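Asks: Structure file work-v4.txt (compact mmCIF, C-alpha atoms) right here:
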# COMPACT_ATOMS: atom_id res chain seq x y z
CA MET A 1064 -13.69 -27.42 26.37
CA SER A 1065 -12.79 -26.45 22.80
CA LYS A 1066 -9.06 -26.70 22.21
CA ILE A 1067 -6.93 -23.80 20.95
CA ILE A 1068 -4.11 -24.87 18.65
CA ASN A 1069 -1.81 -22.11 17.46
CA ALA A 1070 -0.42 -22.16 13.94
CA LEU A 1071 2.94 -20.71 14.91
CA VAL A 1072 4.71 -18.10 12.80
CA THR A 1073 8.37 -18.71 11.94
CA PRO A 1074 10.64 -15.76 12.79
CA ILE A 1075 12.87 -14.95 9.81
CA ASP A 1076 15.83 -12.59 10.16
CA GLU A 1077 17.27 -10.15 7.61
CA ASN A 1078 19.38 -12.94 6.09
CA ASN A 1079 16.35 -15.17 5.51
CA GLN A 1080 17.41 -17.49 8.32
CA ILE A 1081 15.27 -18.77 11.17
CA ASP A 1082 15.83 -16.71 14.32
CA TYR A 1083 15.85 -19.41 16.99
CA LEU A 1084 16.19 -16.98 19.92
CA GLU A 1085 13.00 -15.25 18.81
CA LEU A 1086 11.35 -18.62 18.12
CA LYS A 1087 11.86 -19.49 21.79
CA ARG A 1088 10.15 -16.22 22.76
CA LEU A 1089 7.21 -17.11 20.52
CA LEU A 1090 6.94 -20.60 22.03
CA ASP A 1091 6.78 -19.02 25.48
CA LEU A 1092 4.22 -16.46 24.26
CA ALA A 1093 2.00 -19.21 22.84
CA LYS A 1094 1.99 -21.05 26.16
CA GLU A 1095 1.43 -17.85 28.15
CA ASN A 1096 -1.58 -17.06 25.97
CA CYS A 1097 -3.36 -20.33 26.76
CA ASN A 1098 -2.71 -22.32 23.60
CA ASP A 1099 -3.10 -26.05 24.10
CA GLU A 1100 -1.01 -27.27 21.15
CA LEU A 1101 1.03 -25.92 18.24
CA VAL A 1102 1.26 -26.53 14.51
CA ILE A 1103 4.82 -25.82 13.41
CA CYS A 1104 5.77 -24.61 9.89
CA SER A 1105 2.29 -24.79 8.42
CA THR A 1106 0.97 -22.07 6.09
CA THR A 1107 1.26 -19.50 8.89
CA GLY A 1108 4.78 -20.74 9.61
CA GLU A 1109 5.75 -20.43 5.93
CA GLY A 1110 6.52 -24.14 5.80
CA PRO A 1111 6.00 -24.41 2.02
CA LEU A 1112 8.62 -21.64 1.55
CA LEU A 1113 11.23 -23.09 3.90
CA SER A 1114 13.71 -25.71 2.77
CA LEU A 1115 12.83 -29.15 4.09
CA GLU A 1116 16.02 -29.07 6.15
CA ASP A 1117 15.01 -25.78 7.82
CA LYS A 1118 11.44 -26.98 8.35
CA ILE A 1119 12.59 -30.10 10.18
CA SER A 1120 15.21 -28.16 12.15
CA CYS A 1121 12.51 -25.70 13.26
CA PHE A 1122 10.20 -28.54 14.26
CA LYS A 1123 12.92 -30.29 16.29
CA PHE A 1124 13.74 -27.03 18.07
CA CYS A 1125 10.10 -26.56 19.02
CA LEU A 1126 9.82 -30.12 20.33
CA GLU A 1127 12.84 -29.49 22.54
CA ASN A 1128 11.86 -26.03 23.76
CA THR A 1129 8.18 -26.20 24.71
CA SER A 1130 6.00 -28.49 26.76
CA LEU A 1131 3.10 -27.94 24.36
CA PRO A 1132 2.39 -30.84 21.96
CA CYS A 1133 3.54 -30.06 18.42
CA ILE A 1134 1.82 -31.13 15.20
CA TYR A 1135 3.83 -31.71 12.02
CA PRO A 1136 2.31 -30.47 8.73
CA ILE A 1137 2.62 -32.30 5.41
CA SER A 1138 1.97 -30.25 2.26
CA GLN A 1139 3.16 -32.32 -0.68
CA ILE A 1140 1.66 -32.88 -4.10
CA SER A 1141 2.76 -36.49 -4.53
CA LEU A 1142 2.32 -39.49 -2.26
CA ASN A 1143 5.97 -40.47 -2.68
CA ASP A 1144 7.22 -37.05 -1.58
CA ALA A 1145 4.88 -37.11 1.41
CA LYS A 1146 6.31 -40.49 2.43
CA LYS A 1147 9.88 -39.26 1.98
CA GLU A 1148 9.20 -36.32 4.29
CA ILE A 1149 7.49 -38.55 6.84
CA ASN A 1150 10.55 -40.82 6.87
CA LEU A 1151 12.66 -37.87 8.02
CA VAL A 1152 10.51 -37.07 11.07
CA LYS A 1153 8.66 -40.27 11.98
CA ASP A 1154 10.98 -41.12 14.88
CA LEU A 1155 10.62 -37.73 16.57
CA ASN A 1156 8.56 -37.35 19.73
CA PHE A 1157 5.17 -36.21 18.41
CA ASP A 1158 1.97 -38.05 17.56
CA THR A 1159 -0.03 -36.09 14.96
CA TYR A 1160 0.37 -34.95 11.36
CA LEU A 1161 -1.71 -32.24 9.71
CA VAL A 1162 -2.00 -33.30 6.06
CA VAL A 1163 -3.28 -30.85 3.46
CA THR A 1164 -5.02 -32.00 0.31
CA PRO A 1165 -2.53 -32.20 -2.59
CA PHE A 1166 -2.62 -28.84 -4.35
CA TYR A 1167 -2.47 -27.82 -8.02
CA VAL A 1168 -3.12 -31.33 -9.43
CA LYS A 1169 -6.79 -31.15 -8.30
CA PRO A 1170 -7.44 -34.83 -7.49
CA ASN A 1171 -11.00 -36.18 -7.37
CA GLN A 1172 -12.56 -37.59 -4.20
CA GLU A 1173 -11.45 -41.16 -4.96
CA GLY A 1174 -7.87 -39.98 -5.45
CA LEU A 1175 -8.00 -38.12 -2.15
CA PHE A 1176 -9.42 -41.19 -0.43
CA LEU A 1177 -6.60 -43.43 -1.66
CA TYR A 1178 -3.97 -40.78 -0.83
CA TYR A 1179 -5.13 -40.32 2.76
CA LYS A 1180 -5.79 -44.03 3.31
CA GLU A 1181 -2.27 -44.90 2.19
CA LEU A 1182 -0.70 -42.17 4.35
CA ALA A 1183 -2.74 -43.24 7.37
CA LYS A 1184 -1.40 -46.77 7.00
CA TYR A 1185 2.12 -45.43 6.47
CA VAL A 1186 2.23 -43.24 9.60
CA PHE A 1187 0.39 -45.63 11.96
CA PRO A 1188 0.26 -45.50 14.97
CA LYS A 1189 0.70 -41.75 14.65
CA LYS A 1190 -2.49 -39.82 13.85
CA ILE A 1191 -3.62 -37.64 10.97
CA ILE A 1192 -5.76 -34.52 10.92
CA LEU A 1193 -7.12 -33.79 7.44
CA TYR A 1194 -6.58 -30.23 6.24
CA ASN A 1195 -9.32 -28.90 3.97
CA VAL A 1196 -8.49 -25.49 2.50
CA PRO A 1197 -9.98 -25.31 -1.03
CA SER A 1198 -9.18 -21.60 -1.43
CA ARG A 1199 -5.48 -22.53 -1.49
CA THR A 1200 -5.47 -26.05 -2.96
CA GLY A 1201 -8.30 -26.03 -5.50
CA VAL A 1202 -9.95 -29.17 -4.10
CA ASN A 1203 -12.55 -29.76 -1.42
CA ILE A 1204 -13.05 -32.70 0.98
CA ASN A 1205 -16.72 -33.67 1.01
CA TYR A 1206 -18.77 -35.49 3.63
CA PHE A 1207 -18.81 -38.82 1.80
CA LEU A 1208 -15.01 -38.86 1.64
CA ILE A 1209 -14.76 -38.10 5.35
CA ARG A 1210 -17.20 -40.93 6.09
CA LYS A 1211 -15.12 -43.38 4.03
CA LEU A 1212 -11.90 -42.30 5.73
CA ILE A 1213 -13.39 -42.63 9.21
CA LYS A 1214 -14.45 -46.18 8.41
CA SER A 1215 -11.18 -47.16 6.72
CA SER A 1216 -8.54 -45.57 8.95
CA LYS A 1217 -8.78 -45.43 12.73
CA ASN A 1218 -5.85 -43.03 12.99
CA ILE A 1219 -7.49 -40.32 10.87
CA ILE A 1220 -8.94 -38.54 13.87
CA GLY A 1221 -10.10 -35.12 12.70
CA ILE A 1222 -10.22 -32.33 10.15
CA LYS A 1223 -9.04 -28.73 9.99
CA GLU A 1224 -11.97 -27.21 8.13
CA CYS A 1225 -11.18 -23.97 6.30
CA SER A 1226 -14.01 -23.94 3.79
CA CYS A 1227 -16.24 -23.01 6.75
CA ASP A 1228 -19.04 -25.17 5.38
CA PHE A 1229 -21.15 -25.39 8.51
CA ASN A 1230 -23.56 -27.83 6.89
CA LEU A 1231 -20.60 -30.20 6.52
CA ILE A 1232 -19.58 -29.58 10.12
CA LYS A 1233 -23.12 -30.30 11.36
CA LEU A 1234 -23.23 -33.55 9.38
CA ILE A 1235 -19.91 -34.72 10.80
CA LYS A 1236 -20.75 -33.90 14.41
CA ALA A 1237 -24.25 -35.41 14.13
CA ASN A 1238 -23.02 -38.73 12.74
CA TYR A 1239 -19.46 -39.03 14.01
CA PRO A 1240 -19.28 -37.06 17.27
CA LYS A 1241 -15.88 -38.51 18.21
CA PHE A 1242 -14.29 -37.26 14.97
CA LYS A 1243 -12.58 -33.97 15.76
CA VAL A 1244 -13.55 -30.85 13.84
CA TYR A 1245 -11.24 -27.84 14.10
CA ILE A 1246 -12.15 -24.49 12.59
CA GLY A 1247 -9.22 -23.15 10.57
CA ASP A 1248 -10.48 -19.62 9.99
CA ASP A 1249 -10.44 -17.31 13.02
CA SER A 1250 -13.16 -15.16 11.48
CA TYR A 1251 -15.64 -17.97 12.27
CA PHE A 1252 -14.50 -18.46 15.85
CA TYR A 1253 -17.79 -17.74 17.62
CA GLN A 1254 -19.89 -19.52 15.00
CA GLY A 1255 -17.67 -22.53 15.55
CA LEU A 1256 -18.42 -22.41 19.26
CA GLU A 1257 -22.14 -22.39 18.52
CA GLU A 1258 -21.71 -25.47 16.32
CA LYS A 1259 -19.87 -27.30 19.13
CA VAL A 1260 -16.63 -27.80 17.22
CA ASP A 1261 -13.76 -29.49 19.02
CA GLY A 1262 -11.37 -26.59 18.68
CA PHE A 1263 -9.60 -24.02 16.57
CA ILE A 1264 -6.35 -24.13 14.65
CA SER A 1265 -5.74 -20.45 14.96
CA VAL A 1266 -3.46 -17.76 13.56
CA ILE A 1267 -4.32 -15.03 16.05
CA SER A 1268 -4.15 -17.16 19.22
CA ILE A 1269 -0.40 -16.50 19.48
CA TYR A 1270 -1.39 -13.08 20.83
CA TYR A 1271 -5.12 -13.36 21.57
CA GLY A 1272 -5.37 -16.87 23.01
CA LYS A 1273 -6.32 -15.64 26.47
CA LEU A 1274 -9.21 -13.66 25.04
CA MET A 1275 -10.33 -16.66 22.99
CA LYS A 1276 -10.17 -18.91 26.03
CA GLU A 1277 -12.20 -16.38 28.02
CA ILE A 1278 -14.90 -16.32 25.31
CA ILE A 1279 -14.98 -20.14 25.33
CA GLU A 1280 -15.34 -20.24 29.12
CA ASP A 1281 -18.08 -17.60 29.01
CA TYR A 1282 -19.93 -19.58 26.34
CA GLN A 1283 -19.85 -22.71 28.49
CA ILE A 1284 -21.73 -20.96 31.28
CA GLY A 1285 -24.18 -19.30 28.91
CA PHE A 1286 -22.68 -15.80 29.05
CA VAL A 1287 -22.19 -13.79 25.86
CA ASN A 1288 -19.68 -10.96 26.22
CA GLN A 1289 -20.46 -9.05 23.04
CA ILE A 1290 -17.58 -6.63 23.59
CA ASN A 1291 -15.01 -9.43 23.51
CA ILE A 1292 -16.68 -11.12 20.54
CA SER A 1293 -16.83 -7.87 18.56
CA TYR A 1294 -13.21 -7.05 19.38
CA LEU A 1295 -12.07 -10.48 18.17
CA LYS A 1296 -13.97 -9.91 14.92
CA LEU A 1297 -12.16 -6.59 14.52
CA VAL A 1298 -8.81 -8.31 15.08
CA CYS A 1299 -9.63 -10.78 12.29
CA GLU A 1300 -10.80 -8.06 9.90
CA VAL A 1301 -7.57 -6.12 10.39
CA ILE A 1302 -5.13 -9.02 10.24
CA PHE A 1303 -6.76 -10.94 7.40
CA GLN A 1304 -7.04 -8.01 5.02
CA TYR A 1305 -3.62 -9.33 3.94
CA THR A 1306 -2.57 -12.82 2.88
CA ASN A 1307 -1.65 -14.89 5.92
CA PRO A 1308 0.91 -14.65 7.57
CA ILE A 1309 1.62 -11.06 6.47
CA GLY A 1310 -0.86 -9.50 8.90
CA ILE A 1311 0.00 -11.52 12.00
CA LYS A 1312 3.72 -10.96 11.47
CA TYR A 1313 3.17 -7.23 11.17
CA LEU A 1314 1.10 -7.21 14.36
CA LEU A 1315 3.80 -9.14 16.24
CA SER A 1316 6.44 -6.71 14.99
CA LYS A 1317 4.37 -3.82 16.36
CA LYS A 1318 4.18 -5.66 19.68
CA GLY A 1319 7.96 -5.86 19.92
CA TYR A 1320 8.77 -9.23 18.40
CA LYS A 1321 11.82 -9.40 16.15
CA SER A 1322 12.60 -11.14 12.85
CA MET A 1323 9.08 -10.82 11.48
CA ASN A 1324 10.37 -10.81 7.90
CA LEU A 1325 8.72 -12.88 5.18
CA LEU A 1326 10.09 -15.32 2.63
CA LEU A 1327 9.54 -14.50 -1.03
CA PRO A 1328 7.19 -14.41 -2.81
CA LEU A 1329 5.51 -13.04 0.34
CA THR A 1330 6.40 -9.45 1.09
CA LYS A 1331 5.84 -6.97 3.89
CA ILE A 1332 2.93 -4.55 3.82
CA ASN A 1333 3.89 -1.55 1.70
CA SER A 1334 1.29 1.01 2.77
CA ILE A 1335 0.55 0.36 6.41
CA SER A 1336 -3.07 0.65 7.39
CA ASN A 1337 -3.58 2.58 10.58
CA THR A 1338 -6.24 0.03 11.53
CA PHE A 1339 -3.44 -1.92 13.24
CA ASP A 1340 -3.30 0.87 15.79
CA LEU A 1341 -6.71 -0.30 17.00
CA LEU A 1342 -5.33 -3.66 18.12
Written as structure tokens, how would this file's structure read?
Replies:
Amino acid sequence: MSKIINALVTPIDENNQIDYLELKRLLDLAKENCNDELVICSTTGEGPLLSLEDKISCFKFCLENTSLPCIYPISQISLNDAKKEINLVKDLNFDTYLVVTPFYVKPNQEGLFLYYKELAKYVFPKKIILYNVPSRTGVNINYFLIRKLIKSSKNIIGIKECSCDFNLIKLIKANYPKFKVYIGDDSYFYQGLEEKVDGFISVISIYYGKLMKEIIEDYQIGFVNQINISYLKLVCEVIFQYTNPIGIKYLLSKKGYKSMNLLLPLTKINSISNTFDLL
């Protein structure tokens, strides 16, 4: 069955501090809503805006307060900084890193290959999931790079694919079926199911994981519940009209969750769309 991995939001109070009481509520909510694993302090969790100290503190808290496996994200420009961050968490009880392509410097494919190959060797025996999100980083991981990394590094085990290039996904699954492909854009959830992806690293699953799991189970028995599929599309349209995680935090605040503030330069929605009332 396709796995649901929630990219967890980080609750931020009025003093720009992590609200750990509310974080525990969110960990419980994620488990209640059928998530299989969690990514902590990724883009959705405002990891790039947190201090490294707060990011690691948040990750440790999550490891200690949920039974769900937690994935640690690396979003550094330089190899040396990535290694320094890894040194601070490598002895914690988790087994997978989610490593985004270095942003802003726009490396070529050979540079990306050497970067990931070196990190894979550095974190071994822990595993790496590649994170391809060209809309945010300015670079794209192509099929030939993935093929080279699969052959060079046994602990690079999958990719979070946010370019939603389904030709790339088909190539990977046709030639390397054991290599995990996770859709990173909830808007393509059902299309991902049809392409037999291994799972979803999802923003909305914190609240809609049960519905997603139901759609997956229906798909496995050949049943298409168009009402559920259409509703999930509506959820995505409403939430992602704003830069992530602005929309999901606003939804959670409407559902009674506290400390859904944002770290600058992200800001709350100024003119609230009544479309949230549909959710």
Asks: Any idea what's packed within 7 Å of A:Tyr1245, counting only C-alpha atoms, ignoring anything in its chain fewer than 2 positions away? Could you give it as an MDAnalysis selection string?
Replies: chainID A and resid 1222:1224 1243 1247 1260:1264
Asks: Env of stretch 1139-1147 of chain A: 10 Å cut, atoms = only C-alpha atoms, seq-sep filter 5 positions within chain, self excluded. Answer as a list in words.
Replies: Pro1111, Val1152, Lys1153, Val1162, Val1163, Thr1164, Pro1165, Phe1166, Tyr1167, Val1168, Lys1169, Pro1170, Leu1177, Tyr1178, Tyr1179, Glu1181, Leu1182, Tyr1185, Val1186 and Thr1200 of chain A
Asks: Tell me which of A:Leu1212, A:Val1196, A:Leu1315, A:Leu1274 sits closest to A:Leu1089, counting all atoms listed in the file.
Replies: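 So, comparing all the options, the nearest one is A:Leu1315.
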Asks: Enter the distance from atom CA of A:Val1301 to atom CA of A:Tyr1313, in Å, rounded to one decimal.
Replies: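 Between atom CA of A:Val1301 and atom CA of A:Tyr1313 the gap works out to 10.8 Å.
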Asks: Give me, please, the distance in Å between atom CA of A:Ile1134 and atom CA of A:Lys1189, quoted to one decimal.
Replies: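 Value for the atom CA of A:Ile1134-atom CA of A:Lys1189 distance: 10.7 Å.
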Asks: For A:Leu1208, please output as a VMD selection string all residues within 9 Å (counting all atoms listed in the file; exclusion window: fewer than 6 positions along the same chain).
Replies: chain A and resid 1172 to 1173 1175 to 1176
Asks: For A:Glu1109, which residue among A:Pro1197, A:Pro1074, A:Gly1174, A:Gly1285 is the nearest when counting only C-alpha atoms?
Replies: A:Pro1074
Asks: Would you compute the distance between atom CA of A:Ile1137 and atom CA of A:Ala1237? Give it in Å to one decimal.
Replies: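 Interatomic distance here is 28.4 Å.
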Asks: Could you tell me which of A:Asn1307, A:Gln1283, A:Ser1105, A:Ser1138 comes closest to A:Asp1249 if we count all atoms listed in the file?
Replies: A:Asn1307
Asks: Between A:Phe1252, A:Asn1333, A:Ile1103, A:Asn1069, which has the minimum distance to A:Ser1293 (counting only C-alpha atoms)?
Replies: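 Checking each candidate against A:Ser1293, we get A:Phe1252 as the closest.
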Asks: Find the spatial neighbours of A:Glu1116, counting all atoms listed in the file, within a cut-off of 12 Å - ignore same-chain residues fewer than 4 positions away - and output them as a list in words.
Replies: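 Once the adjacent positions are removed, what remains is Gln1080, Ile1081, Cys1104, Gly1110, Pro1111, Leu1112, Ser1120, Cys1121, Phe1122, Lys1123, Glu1148, Leu1151 and Val1152 of chain A.
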Asks: Near A:Ile1302, counting only C-alpha atoms, which residues have an atom at most 10 Å away, once you skip same-chain residues fewer than 3 positions from it, shown as number ranges by chain?
Replies: A: 1266-1267, 1297-1299, 1305-1314, 1338-1339, 1342
